[in-house]
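Participant: Input file: protein04.pdb. Contents: PDB, C-alpha atoms, pLDDT in the B column.
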MODEL        1
ATOM      1  CA  GLN A   1     118.331 112.351 150.603  1.00 90.00           C
ATOM      2  CA  VAL A   2     117.010 115.828 151.247  1.00 94.00           C
ATOM      3  CA  GLN A   3     113.609 116.634 149.814  1.00 96.00           C
ATOM      4  CA  LEU A   4     111.368 119.685 149.916  1.00 97.00           C
ATOM      5  CA  ALA A   5     107.615 119.271 149.579  1.00 97.00           C
ATOM      6  CA  GLU A   6     105.207 122.185 149.148  1.00 97.00           C
ATOM      7  CA  SER A   7     101.537 122.126 150.015  1.00 97.00           C
ATOM      8  CA  GLY A   8      98.699 124.571 150.439  1.00 97.00           C
ATOM      9  CA  GLY A   9      98.185 125.802 146.896  1.00 97.00           C
ATOM     10  CA  GLY A  10      94.768 126.065 145.322  1.00 97.00           C
ATOM     11  CA  SER A  11      92.262 128.192 143.464  1.00 98.00           C
ATOM     12  CA  VAL A  12      90.873 131.233 145.224  1.00 98.00           C
ATOM     13  CA  GLN A  13      89.204 134.528 144.433  1.00 98.00           C
ATOM     14  CA  ALA A  14      91.000 137.839 144.466  1.00 98.00           C
ATOM     15  CA  GLY A  15      91.247 139.247 147.957  1.00 98.00           C
ATOM     16  CA  SER A  16      91.498 135.838 149.585  1.00 98.00           C
ATOM     17  CA  SER A  17      94.339 134.361 151.587  1.00 98.00           C
ATOM     18  CA  LEU A  18      96.340 131.172 151.287  1.00 98.00           C
ATOM     19  CA  LYS A  19      99.150 129.717 153.348  1.00 98.00           C
ATOM     20  CA  LEU A  20     101.798 127.644 151.646  1.00 98.00           C
ATOM     21  CA  SER A  21     103.942 125.176 153.534  1.00 98.00           C
ATOM     22  CA  CYS A  22     107.234 123.554 152.617  1.00 97.00           C
ATOM     23  CA  ALA A  23     108.384 120.554 154.610  1.00 96.00           C
ATOM     24  CA  VAL A  24     112.053 119.582 154.592  1.00 96.00           C
ATOM     25  CA  SER A  25     112.889 115.908 154.973  1.00 94.00           C
ATOM     26  CA  GLY A  26     116.193 114.095 155.119  1.00 94.00           C
ATOM     27  CA  TYR A  27     119.409 114.754 156.967  1.00 92.00           C
ATOM     28  CA  VAL A  28     120.358 118.443 156.948  1.00 90.00           C
ATOM     29  CA  LEU A  29     123.753 119.519 158.249  1.00 89.00           C
ATOM     30  CA  ARG A  30     123.317 123.211 157.662  1.00 90.00           C
ATOM     31  CA  ASN A  31     120.621 125.621 156.511  1.00 90.00           C
ATOM     32  CA  CYS A  32     122.012 128.670 154.726  1.00 94.00           C
ATOM     33  CA  GLY A  33     118.653 130.231 153.828  1.00 95.00           C
ATOM     34  CA  MET A  34     115.206 129.423 152.501  1.00 96.00           C
ATOM     35  CA  TYR A  35     113.159 130.938 149.723  1.00 98.00           C
ATOM     36  CA  TRP A  36     109.870 131.094 147.925  1.00 98.00           C
ATOM     37  CA  TYR A  37     109.935 131.551 144.168  1.00 98.00           C
ATOM     38  CA  ARG A  38     107.109 131.655 141.667  1.00 98.00           C
ATOM     39  CA  GLN A  39     106.751 131.216 137.954  1.00 98.00           C
ATOM     40  CA  ALA A  40     103.761 132.481 136.021  1.00 97.00           C
ATOM     41  CA  PRO A  41     102.931 131.133 132.554  1.00 92.00           C
ATOM     42  CA  GLY A  42     105.278 132.577 129.963  1.00 94.00           C
ATOM     43  CA  LYS A  43     107.407 134.329 132.561  1.00 96.00           C
ATOM     44  CA  GLU A  44     110.705 133.634 134.231  1.00 97.00           C
ATOM     45  CA  ARG A  45     110.895 132.272 137.738  1.00 97.00           C
ATOM     46  CA  GLU A  46     111.130 135.115 140.234  1.00 98.00           C
ATOM     47  CA  LEU A  47     112.136 135.338 143.860  1.00 98.00           C
ATOM     48  CA  VAL A  48     109.153 136.167 146.027  1.00 98.00           C
ATOM     49  CA  SER A  49     110.619 136.073 149.504  1.00 98.00           C
ATOM     50  CA  SER A  50     113.564 134.803 151.501  1.00 98.00           C
ATOM     51  CA  ILE A  51     114.436 134.165 155.116  1.00 97.00           C
ATOM     52  CA  SER A  52     117.920 133.745 156.525  1.00 94.00           C
ATOM     53  CA  THR A  53     118.964 131.454 159.324  1.00 90.00           C
ATOM     54  CA  TYR A  54     118.870 134.522 161.566  1.00 90.00           C
ATOM     55  CA  GLY A  55     115.296 135.295 160.571  1.00 92.00           C
ATOM     56  CA  THR A  56     116.047 138.209 158.275  1.00 96.00           C
ATOM     57  CA  THR A  57     113.387 138.427 155.582  1.00 98.00           C
ATOM     58  CA  THR A  58     113.165 139.966 152.130  1.00 98.00           C
ATOM     59  CA  TYR A  59     110.215 140.437 149.821  1.00 98.00           C
ATOM     60  CA  ALA A  60     109.667 141.305 146.207  1.00 98.00           C
ATOM     61  CA  ASP A  61     108.087 144.746 145.855  1.00 98.00           C
ATOM     62  CA  SER A  62     105.016 143.173 144.268  1.00 97.00           C
ATOM     63  CA  VAL A  63     104.182 141.188 147.416  1.00 98.00           C
ATOM     64  CA  LYS A  64     105.474 143.453 150.154  1.00 98.00           C
ATOM     65  CA  ASP A  65     102.983 143.958 152.991  1.00 97.00           C
ATOM     66  CA  ARG A  66     100.758 141.189 151.594  1.00 98.00           C
ATOM     67  CA  PHE A  67     102.956 138.098 151.864  1.00 98.00           C
ATOM     68  CA  PHE A  68     104.795 136.968 154.974  1.00 98.00           C
ATOM     69  CA  ILE A  69     107.478 134.317 155.177  1.00 98.00           C
ATOM     70  CA  SER A  70     108.224 132.347 158.324  1.00 97.00           C
ATOM     71  CA  GLN A  71     109.859 129.125 159.383  1.00 94.00           C
ATOM     72  CA  ASP A  72     109.448 126.603 162.140  1.00 90.00           C
ATOM     73  CA  ASN A  73     112.891 125.160 162.748  1.00 80.00           C
ATOM     74  CA  PHE A  74     111.578 122.434 165.044  1.00 79.00           C
ATOM     75  CA  LYS A  75     109.120 121.235 162.415  1.00 73.00           C
ATOM     76  CA  ARG A  76     111.604 121.987 159.639  1.00 90.00           C
ATOM     77  CA  THR A  77     108.870 123.739 157.747  1.00 95.00           C
ATOM     78  CA  LEU A  78     108.840 126.963 155.750  1.00 97.00           C
ATOM     79  CA  TYR A  79     105.651 128.960 155.339  1.00 98.00           C
ATOM     80  CA  LEU A  80     104.339 131.703 153.088  1.00 98.00           C
ATOM     81  CA  GLN A  81     101.226 133.496 154.273  1.00 98.00           C
ATOM     82  CA  MET A  82      99.655 135.180 151.268  1.00 98.00           C
ATOM     83  CA  ASN A  83      96.990 137.806 151.918  1.00 98.00           C
ATOM     84  CA  SER A  84      94.977 140.066 149.629  1.00 98.00           C
ATOM     85  CA  LEU A  85      95.758 137.838 146.688  1.00 98.00           C
ATOM     86  CA  LYS A  86      95.613 139.361 143.227  1.00 98.00           C
ATOM     87  CA  THR A  87      95.114 137.745 139.844  1.00 97.00           C
ATOM     88  CA  GLU A  88      98.723 138.562 139.042  1.00 97.00           C
ATOM     89  CA  ASP A  89      99.806 136.310 141.912  1.00 98.00           C
ATOM     90  CA  THR A  90      98.715 133.319 139.841  1.00 98.00           C
ATOM     91  CA  ALA A  91     101.759 131.096 139.391  1.00 98.00           C
ATOM     92  CA  VAL A  92     103.441 127.890 140.406  1.00 98.00           C
ATOM     93  CA  TYR A  93     105.111 128.554 143.746  1.00 98.00           C
ATOM     94  CA  TYR A  94     108.367 126.799 144.538  1.00 98.00           C
ATOM     95  CA  CYS A  95     110.111 126.355 147.823  1.00 98.00           C
ATOM     96  CA  ALA A  96     113.913 126.366 147.776  1.00 98.00           C
ATOM     97  CA  ALA A  97     116.611 126.022 150.375  1.00 96.00           C
ATOM     98  CA  ASP A  98     120.375 126.398 150.482  1.00 95.00           C
ATOM     99  CA  LEU A  99     121.430 123.407 152.513  1.00 92.00           C
ATOM    100  CA  GLN A 100     124.422 121.403 153.693  1.00 89.00           C
ATOM    101  CA  LEU A 101     127.971 122.605 154.134  1.00 88.00           C
ATOM    102  CA  THR A 102     128.105 123.723 150.503  1.00 92.00           C
ATOM    103  CA  CYS A 103     124.828 125.670 150.724  1.00 91.00           C
ATOM    104  CA  THR A 104     123.569 123.740 147.705  1.00 94.00           C
ATOM    105  CA  LYS A 105     120.181 124.855 146.467  1.00 96.00           C
ATOM    106  CA  TYR A 106     117.392 122.292 146.732  1.00 97.00           C
ATOM    107  CA  TRP A 107     113.988 122.752 145.113  1.00 98.00           C
ATOM    108  CA  GLY A 108     110.503 121.530 145.791  1.00 97.00           C
ATOM    109  CA  GLN A 109     108.200 120.306 143.054  1.00 97.00           C
ATOM    110  CA  GLY A 110     105.995 123.401 143.145  1.00 97.00           C
ATOM    111  CA  THR A 111     102.396 124.069 144.046  1.00 98.00           C
ATOM    112  CA  GLN A 112      99.883 125.868 141.851  1.00 98.00           C
ATOM    113  CA  VAL A 113      98.188 129.035 143.077  1.00 98.00           C
ATOM    114  CA  THR A 114      95.400 130.372 140.905  1.00 98.00           C
ATOM    115  CA  VAL A 115      93.668 133.644 141.742  1.00 98.00           C
ATOM    116  CA  SER A 116      90.521 134.550 139.841  1.00 98.00           C
ATOM    117  CA  SER A 117      88.740 137.881 139.714  1.00 94.00           C
TER
ENDMDL
END
Can you present the structure in this file as structure tokens?
Facilitator:
Amino acid sequence: QVQLAESGGGSVQAGSSLKLSCAVSGYVLRNCGMYWYRQAPGKERELVSSISTYGTTTYADSVKDRFFISQDNFKRTLYLQMNSLKTEDTAVYYCAADLQLTCTKYWGQGTQVTVSS
């Protein structure tokens, strides 16, 4: 059974950095793309960043040039380096991946990031 597990969240002050990790376990036949989403209180879940199997990345305008997505295929781990954090970055961050021959979306359980001023 495929599982995604995030780690690295926490409480920091504005201007700080955090690095989130997402470890993929289980048997994976195919990786169609990986993502970081976030959901702030009272708001809808939004796509923060994505990375394709070819390494092509996308970012939400709100995090561009501050957040950087990467993956280590050998370790089967997805990362999100978050720099210059702002209070508005406070949210639960979720890792997601489109896996297997059907590119089914799998989700992690989420990790809380809290940024205080």
Participant: For region 28-39 of chain A, list every protein, DNA or RNA residue within 9 Å, evaluated using all atoms listed in the file, and leave out those in the same chain fewer than 3 positions away; present the list as a tab-separated table (two decimals) with C-alpha atoms, keeping the file's coordinate frame.
Facilitator:
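selection-v1.tsv written:
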chain	number	residue	atom	x	y	z
A	2	VAL	CA	117.01	115.83	151.25
A	24	VAL	CA	112.05	119.58	154.59
A	25	SER	CA	112.89	115.91	154.97
A	42	GLY	CA	105.28	132.58	129.96
A	43	LYS	CA	107.41	134.33	132.56
A	44	GLU	CA	110.70	133.63	134.23
A	45	ARG	CA	110.90	132.27	137.74
A	46	GLU	CA	111.13	135.12	140.23
A	47	LEU	CA	112.14	135.34	143.86
A	48	VAL	CA	109.15	136.17	146.03
A	49	SER	CA	110.62	136.07	149.50
A	50	SER	CA	113.56	134.80	151.50
A	51	ILE	CA	114.44	134.16	155.12
A	52	SER	CA	117.92	133.74	156.52
A	53	THR	CA	118.96	131.45	159.32
A	54	TYR	CA	118.87	134.52	161.57
A	69	ILE	CA	107.48	134.32	155.18
A	71	GLN	CA	109.86	129.12	159.38
A	78	LEU	CA	108.84	126.96	155.75
A	79	TYR	CA	105.65	128.96	155.34
A	80	LEU	CA	104.34	131.70	153.09
A	89	ASP	CA	99.81	136.31	141.91
A	90	THR	CA	98.72	133.32	139.84
A	91	ALA	CA	101.76	131.10	139.39
A	92	VAL	CA	103.44	127.89	140.41
A	93	TYR	CA	105.11	128.55	143.75
A	94	TYR	CA	108.37	126.80	144.54
A	95	CYS	CA	110.11	126.36	147.82
A	96	ALA	CA	113.91	126.37	147.78
A	97	ALA	CA	116.61	126.02	150.38
A	98	ASP	CA	120.38	126.40	150.48
A	99	LEU	CA	121.43	123.41	152.51
A	100	GLN	CA	124.42	121.40	153.69
A	101	LEU	CA	127.97	122.60	154.13
A	102	THR	CA	128.10	123.72	150.50
A	103	CYS	CA	124.83	125.67	150.72
A	104	THR	CA	123.57	123.74	147.71
A	110	GLY	CA	106.00	123.40	143.15
Participant: Just so the selection is clear, what residues does the PyMOL selection byres ((chain A and resi 64) around 12) cover here, as a list in words?
Facilitator: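 Evaluating the PyMOL selection byres ((chain A and resi 64) around 12) on these coordinates yields Val48, Ser49, Ser50, Thr57, Thr58, Tyr59, Ala60, Asp61, Ser62, Val63, Asp65, Arg66, Phe67, Phe68, Ile69, Gln81, Met82, Asn83, Ser84 and Leu85 of chain A.
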Participant: One number please: CA of Thr111 (chain A) to CA of Gly9 (chain A), in Å, one decimal.
Facilitator: 5.4 Å
Participant: Between CA of Lys19 (chain A) and CA of Ser116 (chain A), what is the distance, to one decimal in Å?
Facilitator: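 Going from CA of Lys19 (chain A) over to CA of Ser116 (chain A), I get 16.7 Å.
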Participant: I would like the residues chosen by the PyMOL selection byres ((chain A and resi 5) around 7) on the shown file; could you give them as a ChimeraX atom specification?
Facilitator: /A:3-4,6-7,22-24,108-109
Participant: Would you save the residues from that selection as a compact mmCIF listing (two decimals), keeping the file's coordinate frame, using C-alpha atoms?
Facilitator:
# COMPACT_ATOMS: atom_id res chain seq x y z
CA GLN A 3 113.61 116.63 149.81
CA LEU A 4 111.37 119.68 149.92
CA GLU A 6 105.21 122.18 149.15
CA SER A 7 101.54 122.13 150.01
CA CYS A 22 107.23 123.55 152.62
CA ALA A 23 108.38 120.55 154.61
CA VAL A 24 112.05 119.58 154.59
CA GLY A 108 110.50 121.53 145.79
CA GLN A 109 108.20 120.31 143.05
Participant: CA of Ser21 (chain A) and CA of Gly55 (chain A), how far apart in Å?
Facilitator: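 Calculated distance between CA of Gly55 (chain A) and CA of Ser21 (chain A) is 16.8 Å.
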Participant: With all atoms of region 78-89 of chain A from the file as input, state the centre and edge lengths in Å to one decimal of the axis-aligned box that has 8 Å extra on each side, as lines of an AutoDock Vina configuration file.
Facilitator:
center_x = 101.9
center_y = 133.5
center_z = 147.4
size_x = 29.9
size_y = 29.1
size_z = 32.7
Participant: Which residue, A:Gly10, A:Lys86, A:Ser117, A:Arg76, has the smallest gap to Gly26 (chain A) when you use all atoms listed in the file?
Facilitator: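 Using all atoms listed in the file, the shortest distance to Gly26 (chain A) belongs to A:Arg76.
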Participant: Hey, which of A:Ser70, A:Gly8, A:Thr77, A:Gln1 ends up closest to Gln112 (chain A)? Count only C-alpha atoms.
Facilitator: A:Gly8
Participant: Quick one: which residues end up in the PyMOL selection byres ((chain A and resi 11) around 7) for this structure, as an mmCIF file with C-alpha atoms, in the frame of the given file?
Facilitator:
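Final output, saved to expr00.cif:
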data_model
loop_
_atom_site.group_PDB
_atom_site.id
_atom_site.type_symbol
_atom_site.label_atom_id
_atom_site.label_comp_id
_atom_site.auth_asym_id
_atom_site.auth_seq_id
_atom_site.Cartn_x
_atom_site.Cartn_y
_atom_site.Cartn_z
ATOM 1 C CA GLY A 10 94.768 126.065 145.322
ATOM 2 C CA VAL A 12 90.873 131.233 145.224
ATOM 3 C CA VAL A 113 98.188 129.035 143.077
ATOM 4 C CA THR A 114 95.400 130.372 140.905
ATOM 5 C CA VAL A 115 93.668 133.644 141.742
#
Participant: Reconstruct N, CA and C atoms of region 65-78 of chain A from the incomplete input and present them as a short mmCIF file (atom, residue, chain, number, x, y, z; two decimals), in the frame of the given file.
Facilitator:
data_model
loop_
_atom_site.label_atom_id
_atom_site.label_comp_id
_atom_site.auth_asym_id
_atom_site.auth_seq_id
_atom_site.Cartn_x
_atom_site.Cartn_y
_atom_site.Cartn_z
N ASP A 65 104.13 143.62 152.14
CA ASP A 65 102.98 143.96 152.99
C ASP A 65 101.75 143.10 152.73
N ARG A 66 101.86 142.15 151.82
CA ARG A 66 100.76 141.19 151.59
C ARG A 66 101.18 139.76 151.92
N PHE A 67 102.43 139.44 151.64
CA PHE A 67 102.96 138.10 151.86
C PHE A 67 103.92 138.14 153.05
N PHE A 68 103.92 137.03 153.81
CA PHE A 68 104.80 136.97 154.97
C PHE A 68 105.42 135.58 155.06
N ILE A 69 106.74 135.56 155.13
CA ILE A 69 107.48 134.32 155.18
C ILE A 69 107.84 134.02 156.63
N SER A 70 107.82 132.75 156.98
CA SER A 70 108.22 132.35 158.32
C SER A 70 108.72 130.91 158.28
N GLN A 71 109.37 130.51 159.33
CA GLN A 71 109.86 129.12 159.38
C GLN A 71 109.74 128.59 160.80
N ASP A 72 109.51 127.31 160.87
CA ASP A 72 109.45 126.60 162.14
C ASP A 72 110.61 125.62 162.14
N ASN A 73 111.69 125.98 162.81
CA ASN A 73 112.89 125.16 162.75
C ASN A 73 112.68 123.79 163.38
N PHE A 74 111.83 123.73 164.40
CA PHE A 74 111.58 122.43 165.04
C PHE A 74 110.86 121.50 164.09
N LYS A 75 109.87 122.05 163.36
CA LYS A 75 109.12 121.24 162.42
C LYS A 75 109.80 121.15 161.06
N ARG A 76 110.88 121.94 160.90
CA ARG A 76 111.60 121.99 159.64
C ARG A 76 110.64 122.30 158.51
N THR A 77 109.87 123.34 158.72
CA THR A 77 108.87 123.74 157.75
C THR A 77 108.97 125.22 157.47
N LEU A 78 108.86 125.57 156.19
CA LEU A 78 108.84 126.96 155.75
C LEU A 78 107.41 127.31 155.35
#
